[in-house]
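For reference, the structure discussed in these notes is given below.
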Amino acid sequence: IVIGQRIGSFGCAATNQSTNPWLQIDLKAAYLVSRVRVIIYGSSGQNVNVRVGNSVTNNGLNNRKCGRPPYDDSTNGKAIWRDVSCSPPVWGKYIVFQRIVTNGFLEVCEVSFNYELEIAILDSSTDVEGT
């Protein structure tokens, strides 16, 4: 996991209190992402954008936005699952979470994602090398 200010962690990750805090996850390879599922804690779950893409420019905040921010304020400090669809699916090596807030933090745990498989069909005219 790559966190705002590029600090690594395993399991849960949280930012310091700041304006529009963000967390970035490096998947180490590009996937065709169709859905992102994450546990977000308490009020840090409000107004969270999820972005997927291959760019690290502007900390990945220019990558394509998936779904829409949830505006649920009924968590009362509890952990809740957020499911965010990427429709159509988007190629990406990075998943970025950004909370839109004047002064707050962002805490996420147990990020998972669904991805699509693209299969190339080879015909008899295709050259394939191997042993």
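A note on labels: chains of the structure tokens are A, B, ... as shown, every chain counts residues from 1, and ligands are counted from 1 in their shown order.
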
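Residues within 8 Å of range 55-65 of chain A, counting only C-alpha atoms and excluding same-chain residues fewer than 3 positions away, are Gln24, Asn49, Val50, Arg51, Val52, Arg68, Cys86, Val90, Tyr94, Val96 and Gln98 of chain A.
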
Okay, now the selection with N, CA, C and O atoms, as a CSV table (one decimal), in the first residue's frame?
```csv
chain,number,residue,atom,x,y,z
A,24,GLN,N,-3.0,5.8,-1.9
A,24,GLN,CA,-2.7,5.1,-3.2
A,24,GLN,C,-2.3,3.7,-3.0
A,24,GLN,O,-1.4,3.5,-2.2
A,49,ASN,N,-13.7,9.6,-3.1
A,49,ASN,CA,-13.6,9.3,-4.6
A,49,ASN,C,-12.7,8.1,-4.7
A,49,ASN,O,-11.7,8.0,-4.0
A,50,VAL,N,-13.0,7.2,-5.7
A,50,VAL,CA,-12.2,6.1,-6.0
A,50,VAL,C,-11.7,6.3,-7.4
A,50,VAL,O,-12.6,6.5,-8.3
A,51,ARG,N,-10.4,6.3,-7.7
A,51,ARG,CA,-9.9,6.4,-9.0
A,51,ARG,C,-9.0,5.2,-9.3
A,51,ARG,O,-8.3,4.7,-8.5
A,52,VAL,N,-9.0,4.8,-10.6
A,52,VAL,CA,-8.2,3.7,-11.1
A,52,VAL,C,-7.5,4.2,-12.4
A,52,VAL,O,-8.1,4.8,-13.2
A,68,ARG,N,-19.5,6.8,-7.8
A,68,ARG,CA,-19.7,8.2,-7.3
A,68,ARG,C,-19.5,8.1,-5.8
A,68,ARG,O,-19.6,7.1,-5.1
A,86,CYS,N,-16.7,0.2,-11.5
A,86,CYS,CA,-16.1,0.9,-12.6
A,86,CYS,C,-16.7,0.5,-13.9
A,86,CYS,O,-16.5,-0.6,-14.4
A,90,VAL,N,-11.9,-0.2,-16.2
A,90,VAL,CA,-10.8,0.6,-16.6
A,90,VAL,C,-9.5,-0.1,-16.3
A,90,VAL,O,-9.4,-0.7,-15.3
A,94,TYR,N,-3.0,1.4,-10.4
A,94,TYR,CA,-3.1,2.1,-9.2
A,94,TYR,C,-4.6,2.3,-8.8
A,94,TYR,O,-5.4,2.7,-9.7
A,96,VAL,N,-6.7,4.7,-6.2
A,96,VAL,CA,-6.5,5.9,-5.3
A,96,VAL,C,-7.8,6.2,-4.7
A,96,VAL,O,-8.8,6.3,-5.3
A,98,GLN,N,-9.6,9.2,-2.4
A,98,GLN,CA,-9.4,10.6,-1.9
A,98,GLN,C,-10.7,11.0,-1.2
A,98,GLN,O,-11.7,10.9,-1.8
```

Polymer residues at most 10 Å from Tyr115 in chain A, only C-alpha atoms, same-chain spacing of 3 or more positions, as a list in words | Ala30, Tyr31, Leu32, Val33, Ser34, Arg35, Val36, Cys86, Pro89, Val90, Trp91 and Glu118 of chain A

For Val111 in chain A: contacts at 7 Å, only C-alpha atoms, fewer than 3 positions along chain excluded, given as a list in words = Arg37, Val38 and Ile39 of chain A

Restricting to only C-alpha atoms, whichever of A:Val48, A:Val108, A:Ala79, A:Val84 is closest to Ile25 in chain A is A:Val108
